[in-house]
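File shown here: entry26.txt, holding compact mmCIF, C-alpha atoms.
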# COMPACT_ATOMS: atom_id res chain seq x y z
CA MET M 27 3.85 164.71 167.86
CA ARG M 28 3.51 160.95 167.86
CA ARG M 29 4.34 158.71 170.81
CA GLU M 30 7.27 156.97 169.06
CA LEU M 31 9.15 160.30 168.97
CA LEU M 32 10.00 159.61 172.64
CA ASP M 33 12.68 157.20 171.35
CA ILE M 34 14.57 160.19 169.91
CA VAL M 35 13.70 163.32 171.91
CA CYS M 36 15.22 164.21 175.25
CA CYS M 37 15.46 167.15 177.63
CA PRO M 38 17.36 169.93 175.80
CA ILE M 39 19.11 170.94 179.03
CA CYS M 40 20.19 167.76 180.86
CA LYS M 41 19.49 165.31 177.95
CA GLY M 42 17.42 163.11 180.27
CA ASP M 43 14.56 160.89 179.02
CA LEU M 44 11.12 162.47 178.78
CA GLU M 45 7.81 161.14 180.03
CA LEU M 46 4.64 161.98 178.10
CA LYS M 47 1.44 163.21 179.71
CA SER M 48 -1.07 163.40 176.91
CA LYS M 49 -4.13 165.63 177.31
CA ARG M 50 -5.64 165.51 173.83
CA GLU M 51 -4.97 163.15 170.93
CA GLU M 52 -6.28 162.99 167.37
CA ASN M 53 -5.53 160.04 165.05
CA GLY M 54 -2.50 159.00 167.09
CA GLU M 55 -1.07 162.52 167.25
CA ILE M 56 -0.65 164.20 170.62
CA ILE M 57 -2.13 167.67 170.14
CA GLU M 58 -1.92 168.89 173.71
CA GLY M 59 0.03 167.63 176.67
CA GLU M 60 3.29 167.81 178.53
CA LEU M 61 6.71 166.25 178.41
CA LEU M 62 8.32 165.79 181.79
CA CYS M 63 12.07 165.26 182.19
CA LYS M 64 12.62 162.16 184.31
CA ASN M 65 16.06 163.45 185.30
CA CYS M 66 15.77 167.18 186.09
CA GLY M 67 11.99 167.46 186.43
CA LYS M 68 11.56 170.26 183.89
CA VAL M 69 8.17 170.35 182.15
CA TYR M 70 7.76 171.11 178.42
CA LYS M 71 4.37 171.90 176.92
CA ILE M 72 2.90 170.42 173.74
CA GLU M 73 0.58 172.84 171.92
CA ASP M 74 -1.04 172.43 168.49
CA GLY M 75 0.90 169.16 168.17
CA ILE M 76 4.26 170.92 168.57
CA PRO M 77 6.36 170.31 171.71
CA ASN M 78 8.09 173.41 173.01
CA LEU M 79 11.56 172.05 173.78
CA LEU M 80 13.35 175.38 174.01
CA PRO M 81 15.97 175.28 176.79
CA GLU M 82 14.46 178.15 178.76
CA MET E 24 14.11 192.79 169.48
CA GLY E 25 15.53 189.30 170.25
CA GLU E 26 16.56 186.93 167.44
CA ARG E 27 13.56 184.67 168.02
CA GLU E 28 11.14 187.59 167.91
CA VAL E 29 12.67 188.67 164.58
CA TRP E 30 11.86 185.34 162.95
CA GLU E 31 8.38 185.15 164.49
CA LYS E 32 7.67 188.56 163.02
CA ILE E 33 8.91 187.89 159.48
CA ALA E 34 7.75 184.21 159.31
CA GLU E 35 4.79 184.74 156.99
CA SER E 36 6.65 187.12 154.69
CA PHE E 37 9.76 184.89 154.72
CA ASP E 38 7.70 181.85 153.70
CA LYS E 39 6.61 183.58 150.47
CA THR E 40 10.25 183.99 149.40
CA ARG E 41 11.42 180.49 150.36
CA ARG E 42 9.16 178.26 148.28
CA ARG E 43 11.71 176.68 145.96
CA PRO E 44 14.10 174.10 147.42
CA TRP E 45 17.82 174.37 146.66
CA GLU E 46 18.85 171.92 143.95
CA LYS E 47 22.05 170.87 145.76
CA VAL E 48 20.13 170.13 148.95
CA VAL E 49 17.64 168.01 146.98
CA ASP E 50 20.61 166.11 145.46
CA PHE E 51 21.83 165.34 148.99
CA ILE E 52 18.35 164.22 150.14
CA GLU E 53 17.94 161.95 147.11
CA LYS E 54 20.99 159.93 148.15
CA ILE E 55 19.67 159.30 151.70
CA PRO E 56 18.59 155.65 152.23
CA ASN E 57 14.82 155.18 152.72
CA ASP E 58 15.05 153.73 156.24
CA SER E 59 16.83 156.83 157.64
CA ILE E 60 15.86 159.27 160.35
CA VAL E 61 16.50 162.82 159.15
CA VAL E 62 16.65 165.98 161.27
CA ASP E 63 16.36 169.42 159.64
CA LEU E 64 17.87 172.08 161.93
CA GLY E 65 16.36 175.48 161.26
CA CYS E 66 13.76 173.86 159.04
CA GLY E 67 11.89 177.15 158.53
CA ASN E 68 8.82 176.70 156.31
CA GLY E 69 9.81 173.08 155.65
CA ARG E 70 10.88 173.40 152.03
CA HIS E 71 13.61 170.75 152.45
CA LEU E 72 12.09 168.92 155.42
CA LEU E 73 8.99 167.83 153.51
CA ILE E 74 11.08 166.46 150.63
CA SER E 75 13.06 164.45 153.22
CA ALA E 76 9.80 163.13 154.69
CA GLN E 77 8.65 161.95 151.26
CA LYS E 78 11.90 160.06 150.86
CA CYS E 79 12.71 158.70 154.35
CA LYS E 80 11.29 156.76 157.28
CA LYS E 81 11.06 159.77 159.57
CA ALA E 82 11.83 163.48 159.26
CA ILE E 83 12.03 165.86 162.23
CA GLY E 84 12.02 169.63 161.75
CA ILE E 85 13.47 171.84 164.48
CA ASP E 86 13.15 175.61 164.49
CA PHE E 87 12.94 178.33 167.14
CA SER E 88 10.08 180.11 165.39
CA ARG E 89 6.66 178.68 166.23
CA ASN E 90 5.13 180.64 163.35
CA LEU E 91 7.48 179.05 160.81
CA LEU E 92 6.83 175.59 162.29
CA MET E 93 3.06 176.09 161.99
CA ILE E 94 3.48 177.06 158.33
CA ALA E 95 5.58 173.92 157.73
CA LYS E 96 3.13 171.72 159.68
CA ASN E 97 0.16 172.94 157.65
CA LYS E 98 2.04 172.16 154.44
CA ALA E 99 2.83 168.64 155.69
CA GLU E 100 -0.84 168.09 156.51
CA GLN E 101 -1.89 169.29 153.04
CA LYS E 102 0.51 166.75 151.54
CA GLY E 103 -0.87 164.02 153.84
CA LEU E 104 2.55 163.28 155.36
CA ASP E 105 2.35 161.44 158.69
CA ASN E 106 6.05 160.66 159.24
CA VAL E 107 7.16 164.22 159.94
CA GLU E 108 7.50 165.87 163.35
CA PHE E 109 7.96 169.50 164.37
CA LEU E 110 9.85 170.63 167.46
CA LEU E 111 10.29 174.11 168.84
CA GLY E 112 13.95 174.03 169.79
CA ASP E 113 17.32 175.75 169.84
CA CYS E 114 20.19 174.45 167.68
CA ARG E 115 22.67 175.20 170.46
CA SER E 116 20.97 172.87 172.94
CA LEU E 117 19.07 170.22 171.02
CA PRO E 118 16.26 168.08 172.47
CA ILE E 119 17.59 164.99 170.64
CA LYS E 120 19.35 161.96 172.14
CA ASP E 121 23.02 161.13 171.47
CA ASP E 122 23.79 159.03 168.36
CA SER E 123 20.16 158.87 167.21
CA VAL E 124 20.07 160.53 163.78
CA ASP E 125 21.20 159.17 160.40
CA TYR E 126 21.19 162.42 158.40
CA ILE E 127 21.10 166.09 159.33
CA LEU E 128 20.23 169.08 157.18
CA PHE E 129 21.64 172.30 158.64
CA VAL E 130 20.92 174.59 155.74
CA ALA E 131 21.31 178.37 155.85
CA THR E 132 20.91 178.47 159.63
CA LEU E 133 24.32 178.37 161.32
CA HIS E 134 25.12 181.85 159.95
CA ASN E 135 22.12 183.30 161.81
CA ILE E 136 23.61 182.44 165.23
CA ARG E 137 25.36 185.35 166.89
CA GLY E 138 28.80 184.67 168.39
CA LYS E 139 31.49 182.19 167.43
CA LYS E 140 31.17 180.32 170.73
CA GLU E 141 27.44 179.86 170.19
CA ARG E 142 27.93 178.62 166.62
CA LEU E 143 30.47 176.10 167.90
CA ARG E 144 27.92 174.89 170.45
CA ALA E 145 25.47 174.23 167.61
CA LEU E 146 28.10 172.33 165.59
CA ARG E 147 28.99 170.21 168.63
CA GLU E 148 25.29 169.37 168.99
CA VAL E 149 25.28 168.18 165.36
CA ARG E 150 28.15 165.86 166.22
CA ARG E 151 26.49 164.62 169.40
CA ILE E 152 23.14 163.60 167.85
CA LEU E 153 24.61 162.07 164.69
CA LYS E 154 25.04 158.28 164.49
CA SER E 155 28.60 157.08 163.91
CA ASN E 156 27.85 156.32 160.25
CA GLY E 157 25.60 159.39 159.83
CA LYS E 158 26.18 162.46 157.70
CA ALA E 159 25.25 166.14 157.88
CA LEU E 160 24.92 168.76 155.16
CA ILE E 161 25.86 172.17 156.53
CA THR E 162 25.57 175.33 154.42
CA VAL E 163 26.46 178.95 155.21
CA TRP E 164 26.60 182.24 153.35
CA ALA E 165 30.00 183.18 152.01
CA ARG E 166 31.64 186.43 153.07
CA TRP E 167 32.88 187.97 149.86
CA GLN E 168 29.66 188.65 148.00
CA GLY E 169 29.42 191.74 145.81
CA ARG E 170 26.14 192.77 147.37
CA PHE E 171 27.79 193.20 150.77
CA PHE E 172 30.69 195.34 149.57
CA THR E 173 29.48 198.53 151.27
CA TYR E 174 28.90 196.66 154.54
CA PHE E 175 32.53 195.60 154.62
CA LEU E 176 33.81 199.00 153.69
CA ARG E 177 31.86 200.43 156.63
CA GLU E 178 32.87 197.55 158.87
CA PHE E 179 36.53 198.14 158.16
CA PHE E 180 36.23 201.57 159.80
CA PHE E 181 33.40 201.13 162.29
CA ARG E 182 33.36 197.49 163.29
CA LYS E 183 30.72 196.22 165.72
CA GLY E 184 30.87 192.60 166.88
CA GLU E 185 32.99 190.02 165.03
CA PHE E 186 34.41 190.55 161.56
CA GLY E 187 31.84 189.14 159.14
CA ASP E 188 28.84 190.03 161.31
CA ILE E 189 26.16 191.98 159.50
CA GLU E 190 22.53 192.92 159.94
CA ILE E 191 20.28 192.75 156.92
CA LEU E 192 16.92 194.49 156.95
CA TRP E 193 13.93 192.39 156.01
CA LYS E 194 12.13 195.01 153.93
CA LYS E 195 9.36 192.97 152.34
CA ASP E 196 5.76 193.63 153.41
CA ASN E 197 6.95 196.88 155.07
CA LEU E 198 8.43 194.98 158.00
CA ASN E 199 11.89 196.60 158.25
CA VAL E 200 13.23 194.06 160.72
CA PRO E 201 17.02 193.51 161.02
CA ARG E 202 18.18 189.89 160.71
CA PHE E 203 21.59 188.86 162.00
CA TYR E 204 24.08 187.07 159.73
CA HIS E 205 27.66 185.98 160.19
CA LEU E 206 29.29 185.72 156.78
CA TYR E 207 31.97 183.03 156.59
CA SER E 208 35.26 182.74 154.80
CA LYS E 209 35.91 179.19 153.60
CA ARG E 210 38.91 178.88 155.92
CA GLU E 211 36.94 180.00 158.94
CA PHE E 212 34.06 177.60 158.12
CA LEU E 213 36.47 174.66 157.82
CA LYS E 214 38.18 175.61 161.06
CA GLU E 215 34.88 175.77 162.99
CA LEU E 216 33.75 172.39 161.62
CA LYS E 217 37.02 170.83 162.69
CA SER E 218 37.06 172.41 166.15
CA ALA E 219 33.58 170.94 166.71
CA GLY E 220 35.10 167.51 166.03
CA LEU E 221 33.43 167.04 162.66
CA GLU E 222 35.25 165.35 159.82
CA VAL E 223 34.80 167.18 156.53
CA GLU E 224 34.09 164.77 153.71
CA LYS E 225 33.49 167.41 151.07
CA ILE E 226 33.34 171.20 150.90
CA GLU E 227 32.39 173.29 147.89
CA SER E 228 31.56 176.86 146.95
CA VAL E 229 28.16 177.24 145.35
CA LYS E 230 26.22 179.99 143.56
CA ILE E 231 22.65 180.34 144.83
CA VAL E 232 21.51 183.89 144.05
CA SER E 233 24.70 185.49 142.77
CA LYS E 234 25.59 185.30 139.11
CA ILE E 235 29.29 186.02 139.44
CA LEU E 236 30.76 185.12 142.84
CA LYS E 237 30.01 181.93 144.76
CA ASP E 238 27.77 183.00 147.62
CA ASN E 239 27.46 179.83 149.74
CA PHE E 240 29.65 177.08 151.18
CA PHE E 241 28.27 173.54 151.30
CA ALA E 242 29.97 171.00 153.56
CA ILE E 243 29.20 167.31 154.00
CA VAL E 244 30.49 166.15 157.38
CA LYS E 245 30.54 163.10 159.63
CA LYS E 246 31.67 162.50 163.22
Spell out the structure here as structure tokens.
Amino acid sequence: MRRELLDIVCCPICKGDLELKSKREENGEIIEGELLCKNCGKVYKIEDGIPNLLPE
Amino acid sequence: MGEREVWEKIAESFDKTRRRPWEKVVDFIEKIPNDSIVVDLGCGNGRHLLISAQKCKKAIGIDFSRNLLMIAKNKAEQKGLDNVEFLLGDCRSLPIKDDSVDYILFVATLHNIRGKKERLRALREVRRILKSNGKALITVWARWQGRFFTYFLREFFFRKGEFGDIEILWKKDNLNVPRFYHLYSKREFLKELKSAGLEVEKIESVKIVSKILKDNFFAIVKK
């Protein structure tokens, strides 16, 4: 995913804004990292450039 | 086996049979203005998502199968597209902000959600994320298709679940995995769209694989 996606994505459960913690980037794409919900605190992983935003 | 597991398992086999985009979906994409943000719900192997990315500012594919998303992502990389994003997500509880999307493709996906209440949740999510001047194309399989005649005969006597619910075995590549479908009547489809608060701009019956009976309903909706 790219950083500007944060303008559109949110927490699937509480719909709060997400904060990005990038661990590995390639050509502007976040390959590995985490998305943290600023509202409910839930953490979503980014793997192979794909954020797992399943409401589980 | 859970629904998500089913799609993870058949992803590679499914991709081989879903190469060609649907003409009517392409017609819809072609009319989308270039500066739009498009979300494809249940994007699968990306056959319509990647066309949207070629046409629009940004395209976001959402699917609950990681395997299908990886297939779609590899295709996007081969085409050198850098304006397309892939999210592992659930249509019933979307990770997308309110009023943030110009166009939505929800093609051949709603009918795979088990339970009327759950399908309504997904339709309400469509309404929530759509901008006030946005539009969504929603397609479902129609109920009265010749190929399902024996299912309905059986269902009439031994019904499990809701009327219109069927399980279809994915037989290719020796997988034998049952996929869930809810087959819609036109009236029922219209009613669900309306109860989710969506305004139906156009609805039509379309032939996709069948030669005689129309086997799909296509609706263009706004909020």
Provide the atom CA of E:Leu216 to atom CA of E:Arg151 distance in Å, to one decimal place.
13.2 Å
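Atom CA of M:Leu31 to atom CA of E:Ile119 spans 9.8 Å [interatomic distance, one decimal].
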Please determine the residues with any atom at most 6 Å from (2.8, 160.1, 169.2) (coordinates as given in the file, with all atoms listed in the file counting) and report them as a PyMOL selection string.
chain M and resi 27-30+54-56
Can you tell me how far atom CA of E:Asp58 sits from atom CA of E:Lys80, in Å to one decimal?
4.9 Å
With 4 Å added on each side, what axis-aligned box encloses every listed atom of stretch 62-80 of chain M? Give the centre and edge lengths in Å to one decimal, as AutoDock Vina command-line options.
--center_x 7.5 --center_y 168.8 --center_z 177.3 --size_x 25.1 --size_y 21.2 --size_z 26.3
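The neighbours of E:Asn68 here are the residues that come within 8 Å of it, using only C-alpha atoms and leaving out any residue fewer than 5 positions away in the same chain; they are Asp38, Arg41, Leu91, Leu92, Ile94 and Ala95 of chain E.
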Selection: 10 Å around M:Cys37, only C-alpha atoms, excl. self and same-chain fewer than 3 positions, as a list in words:
Cys40, Lys41, Gly42, Asp43, Leu44, Leu61, Leu62, Cys63, Lys64, Asn65, Cys66, Gly67, Lys68, Val69, Tyr70, Leu79, Leu80 and Pro81 of chain M; Ser116, Leu117, Pro118, Ile119 and Lys120 of chain E
Give me, as a PyMOL selection string, the residues of chain E touching chain M, with the criterion being at most 12 Å (counting all atoms listed in the file).
chain E and resi 27+60-62+81-97+100+105-125+148+151-154
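Residues within 9 Å of E:Arg142, counting only C-alpha atoms and excluding same-chain residues fewer than 6 positions away, are Cys114, Arg115, Leu133, His134, Asn135, Ile136 and Glu215 of chain E.
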List every protein, DNA or RNA residue that has at least one atom no more than 12 Å from (32.2, 186.5, 155.0) in the file's coordinates, counting only C-alpha atoms, and write the result as a PyMOL selection string.
chain E and resi 134+163-172+174-175+178+185-189+204-212+237-240
